[in-house]
Structure formats: C-alpha cells, structure tokens
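Enquirer: Dropping in entry_24.txt, which is compact mmCIF, C-alpha atoms:
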```txt
# COMPACT_ATOMS: atom_id res chain seq x y z
CA MET A 261 0.00 0.00 0.00
CA ARG A 262 0.96 3.63 -0.49
CA TYR A 263 1.18 5.49 2.83
CA ALA A 264 1.31 9.16 3.71
CA LEU A 265 2.09 10.49 7.20
CA LEU A 266 1.02 13.82 8.64
CA VAL A 267 3.41 15.00 11.37
CA GLN A 268 2.26 17.88 13.57
CA GLY A 269 4.53 17.67 16.60
CA ALA A 270 7.81 19.54 17.06
CA PRO A 271 10.84 17.28 17.42
CA TYR A 272 12.17 16.76 20.98
CA SER A 273 9.13 18.59 22.45
CA HIS A 274 6.67 15.76 21.90
CA GLN A 275 6.79 12.11 20.95
CA ALA A 276 4.88 12.62 17.67
CA ALA A 277 7.92 12.76 15.36
CA HIS A 278 9.52 9.77 17.08
CA SER A 279 6.31 7.77 16.77
CA ALA A 280 5.98 8.71 13.11
CA LEU A 281 9.54 7.55 12.39
CA ARG A 282 8.96 4.25 14.18
CA PHE A 283 5.77 3.75 12.18
CA ALA A 284 7.63 4.64 8.97
CA GLU A 285 10.23 1.92 9.63
CA ALA A 286 7.55 -0.61 10.46
CA LEU A 287 5.41 0.02 7.38
CA ILE A 288 8.45 -0.21 5.11
CA ALA A 289 9.41 -3.48 6.82
CA ARG A 290 6.00 -4.80 5.81
CA SER A 291 6.74 -3.94 2.17
CA HIS A 292 4.52 -0.88 1.96
CA ARG A 293 5.69 2.33 0.33
CA LEU A 294 6.03 5.54 2.32
CA GLU A 295 5.54 8.06 -0.44
CA THR A 296 4.86 11.26 1.47
CA VAL A 297 5.44 12.81 4.87
CA PHE A 298 3.66 16.13 5.30
CA PHE A 299 4.78 18.44 8.11
CA TYR A 300 2.17 20.83 9.47
CA HIS A 301 1.58 22.88 12.65
CA ASP A 302 4.70 22.59 14.89
CA GLY A 303 5.74 19.57 12.83
CA VAL A 304 7.47 21.99 10.45
CA TYR A 305 10.32 22.30 12.99
CA ASN A 306 11.38 18.79 11.95
CA ALA A 307 12.84 20.41 8.84
CA GLN A 308 15.20 22.73 10.79
CA ARG A 309 18.63 22.64 9.19
CA LEU A 310 20.36 23.92 12.32
CA ALA A 311 18.91 21.45 14.80
CA THR A 312 21.81 20.19 16.88
CA PRO A 313 20.65 17.49 19.29
CA PRO A 314 23.16 15.80 21.63
CA GLN A 315 24.88 12.90 19.90
CA ASP A 316 23.39 10.28 22.20
CA GLU A 317 19.83 11.29 21.29
CA PRO A 318 17.83 10.27 18.21
CA GLN A 319 18.97 12.26 15.16
CA LEU A 320 15.53 13.05 13.82
CA VAL A 321 16.49 15.29 10.88
CA ASP A 322 18.96 12.65 9.66
CA ALA A 323 16.29 9.97 10.02
CA TRP A 324 13.82 11.93 7.86
CA CYS A 325 16.48 12.57 5.23
CA ARG A 326 17.36 8.87 5.17
CA LEU A 327 13.73 8.04 4.35
CA HIS A 328 14.00 10.33 1.36
CA HIS A 329 17.32 8.99 0.13
CA GLU A 330 16.66 5.30 0.71
CA HIS A 331 12.94 5.09 -0.04
CA GLY A 332 12.17 8.13 -2.16
CA THR A 333 9.82 9.58 0.45
CA ALA A 334 8.80 13.17 -0.32
CA LEU A 335 9.30 15.42 2.74
CA LEU A 336 6.72 18.17 2.29
CA VAL A 337 6.56 21.15 4.65
CA CYS A 338 3.57 23.47 4.76
CA VAL A 339 4.91 26.83 3.61
CA ALA A 340 2.40 28.93 5.57
CA ALA A 341 3.07 27.08 8.82
CA ALA A 342 6.83 27.08 8.18
CA LEU A 343 7.36 30.75 7.30
CA ARG A 344 5.51 31.88 10.42
CA ARG A 345 7.85 29.72 12.49
CA GLY A 346 11.10 30.74 10.81
CA VAL A 347 11.56 27.61 8.71
CA VAL A 348 12.56 29.19 5.40
CA ASP A 349 14.25 27.90 2.25
CA GLU A 350 16.73 29.91 0.16
CA ARG A 351 14.10 31.18 -2.25
CA GLU A 352 11.72 32.42 0.46
CA SER A 353 14.64 33.86 2.40
CA ARG A 354 15.66 35.95 -0.60
CA ARG A 355 12.08 36.93 -1.35
CA HIS A 356 11.60 38.25 2.19
CA GLY A 357 15.02 39.90 2.40
CA LYS A 358 16.33 37.60 5.14
CA GLN A 359 19.87 36.43 5.68
CA GLY A 360 20.43 32.68 5.58
CA HIS A 361 17.92 29.91 5.36
CA SER A 362 16.84 27.22 7.80
CA LEU A 363 15.16 24.49 5.76
CA GLU A 364 17.15 21.29 5.44
CA SER A 365 17.33 19.71 2.00
CA PRO A 366 15.59 17.53 0.73
CA PHE A 367 12.63 18.88 2.73
CA GLU A 368 10.60 21.14 0.45
CA LEU A 369 8.14 23.93 1.13
CA THR A 370 4.72 23.34 -0.36
CA GLY A 371 1.07 24.26 0.10
CA VAL A 372 -1.66 22.61 2.15
CA GLY A 373 -3.10 21.47 -1.17
CA GLN A 374 -0.40 18.80 -1.23
CA LEU A 375 -1.76 17.42 2.04
CA VAL A 376 -5.29 17.23 0.66
CA GLU A 377 -3.92 15.64 -2.51
CA ALA A 378 -1.90 13.11 -0.51
CA ALA A 379 -4.97 12.18 1.54
CA MET A 380 -6.86 11.41 -1.65
CA THR A 381 -4.19 9.72 -3.72
CA HIS A 382 -2.53 7.50 -1.08
CA ASP A 383 -4.12 4.36 0.35
CA ARG A 384 -3.58 5.46 3.94
CA LEU A 385 -2.93 8.73 5.77
CA ILE A 386 -1.79 8.41 9.39
CA THR A 387 -1.57 11.50 11.60
CA PHE A 388 0.99 11.94 14.39
CA SER A 389 0.16 14.93 16.58
CA PRO A 390 1.49 16.27 19.87
CA MET B 229 -13.96 -0.21 9.82
CA LEU B 230 -11.96 2.75 11.09
CA LEU B 231 -8.93 2.66 13.35
CA HIS B 232 -8.81 5.38 15.99
CA LEU B 233 -5.52 6.38 17.61
CA LEU B 234 -5.49 7.99 21.05
CA ASN B 235 -2.31 9.43 22.57
CA ARG B 236 -3.68 11.09 25.72
CA SER B 237 -4.29 9.54 29.13
CA ALA B 238 -7.90 9.40 30.28
CA ALA B 239 -6.60 10.66 33.65
CA SER B 240 -5.68 14.06 32.24
CA SER B 241 -7.64 14.59 29.01
CA HIS B 242 -11.29 14.24 28.07
CA VAL B 243 -10.53 13.66 24.41
CA TYR B 244 -11.08 9.91 24.90
CA ARG B 245 -14.79 10.64 25.37
CA ASP B 246 -15.09 12.20 21.92
CA ALA B 247 -13.05 9.37 20.40
CA LEU B 248 -15.37 6.78 21.94
CA ARG B 249 -18.47 8.68 20.82
CA ALA B 250 -17.14 8.78 17.26
CA MET B 251 -16.50 5.02 17.13
CA ALA B 252 -18.82 2.75 15.15
CA GLU B 253 -19.57 -0.77 16.38
CA ASP B 254 -16.72 -2.41 14.50
CA ASP B 255 -14.13 0.39 14.84
CA CYS B 256 -10.90 -0.31 16.72
CA LEU B 257 -9.00 1.89 19.17
CA LEU B 258 -5.23 1.81 19.62
CA LEU B 259 -3.67 3.51 22.65
CA THR B 260 -0.25 5.02 21.89
CA GLU B 261 2.21 7.38 23.59
CA ASP B 262 0.61 8.77 26.80
CA GLY B 263 -2.60 7.03 25.75
CA VAL B 264 -1.16 3.77 27.10
CA TYR B 265 -1.56 5.03 30.69
CA SER B 266 -5.24 4.19 30.15
CA ALA B 267 -4.34 0.55 29.54
CA LEU B 268 -4.19 -0.06 33.31
CA MET B 269 -7.07 -0.47 35.71
CA PRO B 270 -8.96 1.49 36.82
CA LEU B 271 -8.52 3.88 33.87
CA ALA B 272 -9.10 1.05 31.38
CA GLU B 273 -12.70 0.83 32.65
CA HIS B 274 -13.48 4.02 30.73
CA PHE B 275 -13.04 1.93 27.59
CA SER B 276 -15.29 -1.00 28.57
CA ALA B 277 -17.61 -0.24 25.62
CA VAL B 278 -14.83 -1.18 23.19
CA TYR B 279 -13.27 -4.18 24.95
CA GLY B 280 -12.26 -6.68 22.29
CA ARG B 281 -11.42 -3.83 19.91
CA LEU B 282 -9.03 -2.07 22.26
CA PHE B 283 -5.28 -2.24 21.67
CA ALA B 284 -2.16 -0.73 23.25
CA LEU B 285 1.26 -0.27 21.69
CA ARG B 286 3.88 -2.46 23.37
CA GLU B 287 6.89 -0.16 23.00
CA ASP B 288 5.05 2.79 24.55
CA LEU B 289 4.01 0.58 27.47
CA ALA B 290 7.56 -0.73 27.86
CA SER B 291 9.26 2.68 27.84
CA ARG B 292 6.83 3.85 30.53
CA GLY B 293 7.40 0.83 32.76
CA LEU B 294 3.87 -0.46 32.22
CA GLU B 295 4.42 -3.70 30.34
CA GLY B 296 2.94 -6.58 32.30
CA ARG B 297 0.59 -4.26 34.18
CA CYS B 298 -2.02 -3.89 31.43
CA ALA B 299 -5.65 -4.78 31.99
CA GLU B 300 -6.32 -8.23 30.54
CA GLN B 301 -9.09 -6.86 28.30
CA ILE B 302 -6.50 -5.02 26.24
CA VAL B 303 -4.68 -6.54 23.29
CA ILE B 304 -1.02 -5.55 23.19
CA VAL B 305 0.47 -5.04 19.73
CA ASP B 306 3.98 -4.29 18.51
CA MET B 307 4.82 -1.88 15.68
CA GLU B 308 4.09 -4.54 13.09
CA GLY B 309 0.68 -5.04 14.69
CA PHE B 310 0.12 -1.28 14.52
CA VAL B 311 0.81 -1.32 10.77
CA GLN B 312 -1.48 -4.35 10.36
CA LEU B 313 -4.29 -2.49 12.11
CA THR B 314 -3.89 0.38 9.63
CA GLU B 315 -3.96 -2.12 6.75
CA ASP B 316 -7.21 -3.63 7.97
CA ALA B 317 -8.91 -0.26 8.57
CA ASP B 318 -10.40 1.81 5.75
CA ARG B 319 -9.12 4.98 7.39
CA VAL B 320 -7.26 6.08 10.50
CA VAL B 321 -8.42 8.92 12.77
CA SER B 322 -6.01 10.39 15.35
CA TRP B 323 -7.25 11.91 18.62
CA PHE B 324 -4.81 14.07 20.55
CA MET C 263 -7.32 17.55 -8.41
CA SER C 264 -6.50 14.26 -10.03
CA ASP C 265 -8.54 11.98 -7.77
CA ARG C 266 -11.64 13.60 -6.45
CA SER C 267 -12.80 11.58 -3.45
CA PRO C 268 -16.21 9.99 -3.97
CA MET C 269 -17.08 10.81 -0.36
CA PRO C 270 -17.09 14.31 1.09
CA MET C 271 -14.07 15.32 3.12
CA LEU C 272 -14.54 15.78 6.88
CA VAL C 273 -12.60 18.36 8.86
CA VAL C 274 -13.12 17.93 12.60
CA LEU C 275 -12.42 21.08 14.62
CA ARG C 276 -11.83 20.37 18.31
CA HIS C 277 -9.93 23.44 19.49
CA ALA C 278 -11.11 26.87 20.58
CA PRO C 279 -10.04 30.09 18.82
CA HIS C 280 -7.17 32.33 20.01
CA GLY C 281 -5.62 29.82 22.46
CA SER C 282 -3.76 27.86 19.78
CA SER C 283 -3.35 27.69 16.01
CA TRP C 284 -5.14 24.32 15.63
CA LEU C 285 -8.44 25.89 14.66
CA ARG C 286 -6.92 28.22 12.06
CA GLU C 287 -4.79 25.48 10.56
CA GLY C 288 -7.76 23.11 10.47
CA LEU C 289 -9.91 25.70 8.72
CA ASP C 290 -7.09 26.25 6.20
CA VAL C 291 -7.22 22.57 5.27
CA ALA C 292 -10.99 22.84 4.80
CA LEU C 293 -10.69 25.92 2.58
CA VAL C 294 -7.97 24.38 0.45
CA GLY C 295 -9.96 21.14 0.11
CA ALA C 296 -12.96 23.14 -1.08
CA ALA C 297 -10.81 25.21 -3.44
CA PHE C 298 -9.66 21.91 -4.97
CA GLY C 299 -13.26 21.03 -5.75
CA GLN C 300 -13.75 18.68 -2.84
CA SER C 301 -17.07 18.67 -1.03
CA VAL C 302 -16.25 19.56 2.59
CA THR C 303 -18.15 18.95 5.84
CA LEU C 304 -17.06 20.71 9.04
CA LEU C 305 -17.74 19.13 12.40
CA PHE C 306 -17.32 21.33 15.47
CA ILE C 307 -16.93 19.16 18.56
CA GLY C 308 -15.48 19.61 22.05
CA ASP C 309 -13.87 23.04 22.49
CA GLY C 310 -14.22 23.45 18.72
CA VAL C 311 -17.80 24.67 19.22
CA GLU C 312 -16.33 27.85 20.78
CA ALA C 313 -15.15 28.77 17.27
CA LEU C 314 -18.72 29.68 16.39
CA VAL C 315 -19.57 31.92 19.34
CA LYS C 316 -20.83 35.37 18.31
CA GLY C 317 -18.98 38.56 19.18
CA GLN C 318 -15.36 37.37 18.82
CA GLN C 319 -12.78 40.07 18.28
CA THR C 320 -9.26 40.61 17.10
CA GLY C 321 -6.74 39.94 19.90
CA PRO C 322 -4.96 42.80 21.71
CA LEU C 323 -1.77 42.32 19.64
CA GLY C 324 -3.77 42.26 16.44
CA GLN C 325 -4.18 38.47 16.32
CA LYS C 326 -6.76 37.94 13.65
CA GLY C 327 -8.60 35.05 15.23
CA THR C 328 -10.72 32.74 13.12
CA HIS C 329 -14.15 34.40 13.08
CA PRO C 330 -13.48 36.26 9.78
CA THR C 331 -12.56 32.94 8.17
CA LEU C 332 -15.89 31.44 9.22
CA ASP C 333 -17.69 34.16 7.30
CA MET C 334 -15.78 33.10 4.18
CA LEU C 335 -16.91 29.48 4.29
CA ALA C 336 -20.03 30.09 2.18
CA MET C 337 -17.86 31.69 -0.51
CA TYR C 338 -15.95 28.41 -0.71
CA ASP C 339 -19.23 26.45 -0.88
CA ILE C 340 -18.63 24.96 2.55
CA GLU C 341 -22.18 24.89 3.74
CA THR C 342 -22.39 21.78 5.88
CA LEU C 343 -21.52 23.02 9.35
CA LEU C 344 -22.26 20.34 11.90
CA VAL C 345 -22.12 20.97 15.62
CA ASP C 346 -22.01 18.23 18.21
CA ALA C 347 -25.12 18.95 20.30
CA GLU C 348 -23.60 17.48 23.45
CA SER C 349 -20.48 19.67 23.29
CA LEU C 350 -22.65 22.75 22.84
CA ALA C 351 -24.93 21.88 25.77
CA GLN C 352 -21.95 21.06 28.02
CA ARG C 353 -20.68 24.60 27.50
CA GLY C 354 -24.00 26.26 28.23
CA LEU C 355 -24.39 27.41 24.64
CA ILE C 356 -27.43 27.37 22.38
CA GLU C 357 -27.78 27.82 18.63
CA THR C 358 -28.65 31.51 18.87
CA ASP C 359 -25.25 32.11 20.52
CA LEU C 360 -23.54 31.14 17.26
CA GLN C 361 -22.47 33.44 14.42
CA LEU C 362 -23.58 31.10 11.62
CA PRO C 363 -26.53 28.78 11.00
CA VAL C 364 -25.50 25.22 11.85
CA THR C 365 -26.96 21.74 12.00
CA LEU C 366 -26.89 20.08 15.40
CA VAL C 367 -25.74 16.47 15.43
CA ALA C 368 -27.10 13.99 17.95
CA PRO C 369 -24.46 11.74 19.55
CA GLU C 370 -25.75 8.57 17.85
CA ARG C 371 -25.09 10.12 14.44
CA LEU C 372 -21.37 10.70 15.04
CA PRO C 373 -20.09 7.21 14.08
CA SER C 374 -21.86 7.20 10.71
CA LEU C 375 -20.49 10.67 10.03
CA PHE C 376 -16.93 9.39 10.39
CA ALA C 377 -17.76 6.27 8.39
CA HIS C 378 -19.18 8.19 5.44
CA HIS C 379 -16.50 10.81 4.91
CA ALA C 380 -13.06 10.49 3.35
CA PRO C 381 -10.54 11.80 3.97
CA VAL C 382 -11.04 12.70 7.63
CA PHE C 383 -8.81 15.39 9.15
CA ASN C 384 -8.98 15.70 12.91
CA PHE C 385 -7.70 19.01 14.32
```
Would you mind writing the file out in structure tokens?

Expert:
Amino acid sequence: MRYALLVQGAPYSHQAAHSALRFAEALIARSHRLETVFFYHDGVYNAQRLATPPQDEPQLVDAWCRLHHEHGTALLVCVAAALRRGVVDERESRRHGKQGHSLESPFELTGVGQLVEAAMTHDRLITFSP
Amino acid sequence: MLLHLLNRSAASSHVYRDALRAMAEDDCLLLTEDGVYSALMPLAEHFSAVYGRLFALREDLASRGLEGRCAEQIVIVDMEGFVQLTEDADRVVSWF
Amino acid sequence: MSDRSPMPMLVVLRHAPHGSSWLREGLDVALVGAAFGQSVTLLFIGDGVEALVKGQQTGPLGQKGTHPTLDMLAMYDIETLLVDAESLAQRGLIETDLQLPVTLVAPERLPSLFAHHAPVFNF
C-alpha cells in the first residue's frame, strides 16, 4: 500500500515525530511504500537545518532525510506554517530579504493542497500529533 | 472499519470521550504514547464499551514501565501489529 | 485535483479560537480542500464549538482570530456546518449564541459521520 504520514509535533518537544519515524520503519518493513510525509503545525520544525541534538539522542532530521534517500519519500513542509515559524528555504529567504535559510534539504516547502492531494491519492494517511 | 488512535491519558484529558463517541460498532482503538496510561485499571474501565477492539502499543508501554501491568481486556500489539491495524482499517483517525 | 474523493471530506475542529493555532490550521485545510473542488463537511466538537460563538474580536496584539474565516466558508461552498449537540450543551451554549446557521448532530449520528467521509482530518 501507499502510505502518507502527517506530522504535527515539534521534534524533541513531543513524541509525535519519534512515533511517526517508528511507524515509517515498520510500514516499510511490511513492504509498503512511504511516499509522502507532510509536516504541518509545529511539525514543520522537523525540517530545521540547524537542529543540533546531543549525539546520544535520536537524530531526527537525519532519520527523515534517510527516508528520502533510501525510499524516495517526499518530505513536504507546509509553507504557511513554516514561514511563520522561521523555517525558510533559500528562495523564500531571498524573497523576504532575510539572511540565511533554515530548511534542510531535501525537505521542500509546499502548500496545504499537497496534504489534501496526498490524503486522496494515497491508500492510507496516518496523523501523528502532539 | 476505522482505526482510531489515542495518545492522551484518560486521567488528564477528556478527548477519549469524543473518540469513543465517534466510534462505530466495529471500529478499533489503539492507545499510543501517553494514551497507554489508560491501559491499566482502573482507567481502562473508561473503555469498557470497546473491549475486544481495544489495543495498546507495546513499546510505549515498555518505555513507561507499564508492560505486564495492562488490563487483561486489552490486546497488546507491537509496531508490526500497529501497521497491520492500519492495513485492515479503511481509514485512520487520530485523537490528541 | 487528479482523484476527487467519492465521499465528502470531513474536517473535525476540536480546538477553541485564540488559544492555539489548531483551529486556524484546520480551517485552512478545509478551505484548500474546497478550493480543490472537494465537497467539505465541518464538524465542530469539544472546544471546537467555541469557534462559532458570536462577538469574537481581534486579539490585543492584532491576532486575527478565526471568526473572519468562518464568514468566508459560504464563498468556498462549505455549507455543511455540523455541531455536536452534546459539546454545545456542556458549555452552556445554544444555537442563537452562534455566528452562523449550523446543524446540530445527535451523539448517535457521530459514528456514521466518520464512516461516510473520506478523507477525515482531525484538528
């Protein structure tokens, strides 16, 4: 089956992102495809390029990126939720006259429409909220 | 059949009441994260209407020191069981 | 939209205005769904019923709140506004306290509502 996850919890503040990653591993182990993870609400902080957790804690940003590189999972971040919270890619940073950018690659900013689309085109959408 | 996920303890949040009210007769409920605190008596009694369709996630019980203390009416599942529940359900609704 | 869902989409709103962004972000999903041609049902339940209370204002720092968005729903053809009757009664509210006409939902109707909508977004 084709799965999409909706992640709404900030990393290290709540368990939501950890739970979503555990579920991602488990669904892939059962031969499903994780095609999309959509980050909304405080979930957009998962895409922070400058997150620097202690080395003996789960490396959440790395884990998301691994899903993309090893399984082709699209990491979609709601642009409206992200910009408000300071999660900005190079293009938006330039557009708003800011210095630097904070969105890790291959996370990509996108609209809520992509969430609605994912809900309708994937077999399952599972939400992980704080 | 829908699968409902609940990640709040019935001791501190009323959201479980809305989740239970939204459940159809064949829907299932999986307790995850802080939701697993409700897997112990007497809190588990709040879920008596869905005994037989009530599950708790093993790793969230284990990390909280609750494994082996679950009410017997609750079915404990591992992550693979969690995925299986989502396969069997038409849709998944999260309550938080 | 490539795959229009054969069932209407359900957006469940369970949070009150001003205290958090859940309500606003939930409404955004509803508006975008409708803009994509999806038929959208809103269900206000729990603290979500507070979203409909008349007389809401902009916050002291200029926070917009969500009441102006509610007035835009009709423009997006979102006309099915369901309110959980029990949640309303629990909070001492009646229909005339609300800023928009709504349909009250009896508790026994809730399960079929969830069963007959897809996708379901719970905010």

Enquirer: Provide as a list of chain:residue names the residues of chain C at most 8 Å from chain B, counting all atoms listed in the file.

Expert: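 So the contacting residues turn out to be C:Ile307, C:Gly308, C:Pro369, C:Glu370, C:Leu372, C:Pro373, C:Ser374, C:Phe376, C:Ala377, C:Ala380, C:Pro381, C:Val382, C:Phe383, C:Asn384.
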
Enquirer: Could you dump the residues just selected with C-alpha atoms as a compact mmCIF listing (two decimals), in the frame of the given file?

Expert:
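What landed in part-v4.txt:
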```txt
# COMPACT_ATOMS: atom_id res chain seq x y z
CA ILE C 307 -16.93 19.16 18.56
CA GLY C 308 -15.48 19.61 22.05
CA PRO C 369 -24.46 11.74 19.55
CA GLU C 370 -25.75 8.57 17.85
CA LEU C 372 -21.37 10.70 15.04
CA PRO C 373 -20.09 7.21 14.08
CA SER C 374 -21.86 7.20 10.71
CA PHE C 376 -16.93 9.39 10.39
CA ALA C 377 -17.76 6.27 8.39
CA ALA C 380 -13.06 10.49 3.35
CA PRO C 381 -10.54 11.80 3.97
CA VAL C 382 -11.04 12.70 7.63
CA PHE C 383 -8.81 15.39 9.15
CA ASN C 384 -8.98 15.70 12.91
```

Enquirer: My list of candidates is C:Leu335, C:Leu275, C:Leu355, C:Val294. Which is closest to chain A when distances are computed with all atoms listed in the file?

Expert: C:Val294

Enquirer: Starting from chain A, keep only residues with some atom at most 7 Å from an atom of chain B, counting all atoms listed in the file, and report them as a list in words.

Expert: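 The answer, sorted by residue number, is Phe283, Ala286, Leu287, Arg384, Leu385, Ile386, Thr387, Ser389 and Pro390 of chain A.
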
Enquirer: Show me which bits of chain A are within 8 Å of chain C, counting only C-alpha atoms, as a list in words.

Expert: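 Selected residues: His301, Val372, Gly373, Val376, Glu377, Ala379, Met380 and Thr381 of chain A.
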
Enquirer: Using all atoms listed in the file, list the residues that have an atom at most 9 Å from (2.2, 22.5, 7.0), coordinates as in the file, as an NGL selection string.

Expert: (:A and (266-268 or 298-304 or 336-342 or 369-372 or 375)) or (:C and (287))

Enquirer: Determine, counting only C-alpha atoms, which protein, DNA and RNA residues have an atom within 12 Å of an atom of Arg353 (chain C); residues of the same chain fewer than 5 positions away are not included. Present the result as a list of chain:residue names.

Expert: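 Listed by chain and then number, they are C:Ile307, C:Gly308, C:Asp309, C:Gly310, C:Val311, C:Glu312, C:Val315, C:Asp346, C:Ala347, C:Glu348, C:Asp359.
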
Enquirer: Go ahead and save the picked residues with C-alpha atoms, as a PDB file, in the frame of the given file.

Expert:
```pdb
ATOM      1  CA  ILE C 307     -16.930  19.160  18.560  1.00  0.00           C
ATOM      2  CA  GLY C 308     -15.480  19.610  22.050  1.00  0.00           C
ATOM      3  CA  ASP C 309     -13.870  23.040  22.490  1.00  0.00           C
ATOM      4  CA  GLY C 310     -14.220  23.450  18.720  1.00  0.00           C
ATOM      5  CA  VAL C 311     -17.800  24.670  19.220  1.00  0.00           C
ATOM      6  CA  GLU C 312     -16.330  27.850  20.780  1.00  0.00           C
ATOM      7  CA  VAL C 315     -19.570  31.920  19.340  1.00  0.00           C
ATOM      8  CA  ASP C 346     -22.010  18.230  18.210  1.00  0.00           C
ATOM      9  CA  ALA C 347     -25.120  18.950  20.300  1.00  0.00           C
ATOM     10  CA  GLU C 348     -23.600  17.480  23.450  1.00  0.00           C
ATOM     11  CA  ASP C 359     -25.250  32.110  20.520  1.00  0.00           C
TER      12      ASP C 359
END
```

Enquirer: Grab the CA of Gly296 (chain B) to CA of Ala272 (chain B) distance for me, in Å with one decimal place.

Expert: 14.3 Å

Enquirer: Go ahead and compute the interatomic distance for CA of Ile302 (chain B) and CA of Gln275 (chain A), in Å to one decimal.

Expert: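 Those two atoms sit 22.3 Å apart.
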
Enquirer: One decimal, in Å: what's the spacing between CA of Leu265 (chain A) and CA of Gly332 (chain A)?

Expert: 14.0 Å

Enquirer: For Arg344 (chain A), which residue out of A:Pro314, A:His278, A:Tyr305, A:Glu364 is the nearest one, using all atoms listed in the file?

Expert: A:Tyr305

Enquirer: Go through A:Arg309, A:His274, A:Arg282, A:His382 and flag the residue nearest Glu368 (chain A), using all atoms listed in the file for the distances.

Expert: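 When distances to Glu368 (chain A) are compared using all atoms listed in the file, the smallest one comes from A:Arg309.
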
Enquirer: If you keep N, CA, C and O atoms, can you output region 300-312 of chain B as a PDB file, in the first residue's frame?

Expert:
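The result, stored in out_1.pdb:
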```pdb
ATOM      1  N   GLU B 300      -6.303  -7.043  31.418  1.00  0.00           N
ATOM      2  CA  GLU B 300      -6.323  -8.233  30.541  1.00  0.00           C
ATOM      3  C   GLU B 300      -7.254  -8.060  29.341  1.00  0.00           C
ATOM      4  O   GLU B 300      -7.140  -8.782  28.355  1.00  0.00           O
ATOM      5  N   GLN B 301      -8.153  -7.084  29.408  1.00  0.00           N
ATOM      6  CA  GLN B 301      -9.091  -6.857  28.297  1.00  0.00           C
ATOM      7  C   GLN B 301      -8.418  -6.197  27.099  1.00  0.00           C
ATOM      8  O   GLN B 301      -9.022  -6.027  26.049  1.00  0.00           O
ATOM      9  N   ILE B 302      -7.180  -5.785  27.299  1.00  0.00           N
ATOM     10  CA  ILE B 302      -6.504  -5.018  26.244  1.00  0.00           C
ATOM     11  C   ILE B 302      -5.533  -5.897  25.464  1.00  0.00           C
ATOM     12  O   ILE B 302      -4.782  -6.675  26.043  1.00  0.00           O
ATOM     13  N   VAL B 303      -5.588  -5.779  24.156  1.00  0.00           N
ATOM     14  CA  VAL B 303      -4.682  -6.538  23.288  1.00  0.00           C
ATOM     15  C   VAL B 303      -3.431  -5.699  23.052  1.00  0.00           C
ATOM     16  O   VAL B 303      -3.518  -4.542  22.599  1.00  0.00           O
ATOM     17  N   ILE B 304      -2.279  -6.274  23.373  1.00  0.00           N
ATOM     18  CA  ILE B 304      -1.018  -5.552  23.189  1.00  0.00           C
ATOM     19  C   ILE B 304      -0.458  -5.879  21.807  1.00  0.00           C
ATOM     20  O   ILE B 304      -0.389  -7.041  21.418  1.00  0.00           O
ATOM     21  N   VAL B 305      -0.099  -4.822  21.061  1.00  0.00           N
ATOM     22  CA  VAL B 305       0.473  -5.037  19.727  1.00  0.00           C
ATOM     23  C   VAL B 305       1.844  -4.362  19.634  1.00  0.00           C
ATOM     24  O   VAL B 305       2.104  -3.366  20.309  1.00  0.00           O
ATOM     25  N   ASP B 306       2.702  -4.932  18.795  1.00  0.00           N
ATOM     26  CA  ASP B 306       3.984  -4.287  18.514  1.00  0.00           C
ATOM     27  C   ASP B 306       3.824  -3.386  17.279  1.00  0.00           C
ATOM     28  O   ASP B 306       2.714  -3.239  16.763  1.00  0.00           O
ATOM     29  N   MET B 307       4.932  -2.802  16.814  1.00  0.00           N
ATOM     30  CA  MET B 307       4.820  -1.878  15.679  1.00  0.00           C
ATOM     31  C   MET B 307       4.246  -2.562  14.443  1.00  0.00           C
ATOM     32  O   MET B 307       3.489  -1.963  13.685  1.00  0.00           O
ATOM     33  N   GLU B 308       4.624  -3.837  14.247  1.00  0.00           N
ATOM     34  CA  GLU B 308       4.091  -4.539  13.090  1.00  0.00           C
ATOM     35  C   GLU B 308       2.561  -4.683  13.215  1.00  0.00           C
ATOM     36  O   GLU B 308       1.826  -4.530  12.234  1.00  0.00           O
ATOM     37  N   GLY B 309       2.120  -4.940  14.444  1.00  0.00           N
ATOM     38  CA  GLY B 309       0.681  -5.041  14.692  1.00  0.00           C
ATOM     39  C   GLY B 309      -0.031  -3.714  14.435  1.00  0.00           C
ATOM     40  O   GLY B 309      -1.165  -3.682  13.936  1.00  0.00           O
ATOM     41  N   PHE B 310       0.650  -2.629  14.776  1.00  0.00           N
ATOM     42  CA  PHE B 310       0.124  -1.281  14.521  1.00  0.00           C
ATOM     43  C   PHE B 310      -0.087  -1.111  13.006  1.00  0.00           C
ATOM     44  O   PHE B 310      -1.165  -0.712  12.548  1.00  0.00           O
ATOM     45  N   VAL B 311       0.938  -1.457  12.229  1.00  0.00           N
ATOM     46  CA  VAL B 311       0.806  -1.320  10.774  1.00  0.00           C
ATOM     47  C   VAL B 311      -0.327  -2.205  10.266  1.00  0.00           C
ATOM     48  O   VAL B 311      -1.143  -1.778   9.433  1.00  0.00           O
ATOM     49  N   GLN B 312      -0.401  -3.442  10.785  1.00  0.00           N
ATOM     50  CA  GLN B 312      -1.478  -4.350  10.360  1.00  0.00           C
ATOM     51  C   GLN B 312      -2.858  -3.764  10.631  1.00  0.00           C
ATOM     52  O   GLN B 312      -3.757  -3.876   9.802  1.00  0.00           O
TER      53      GLN B 312
END
```
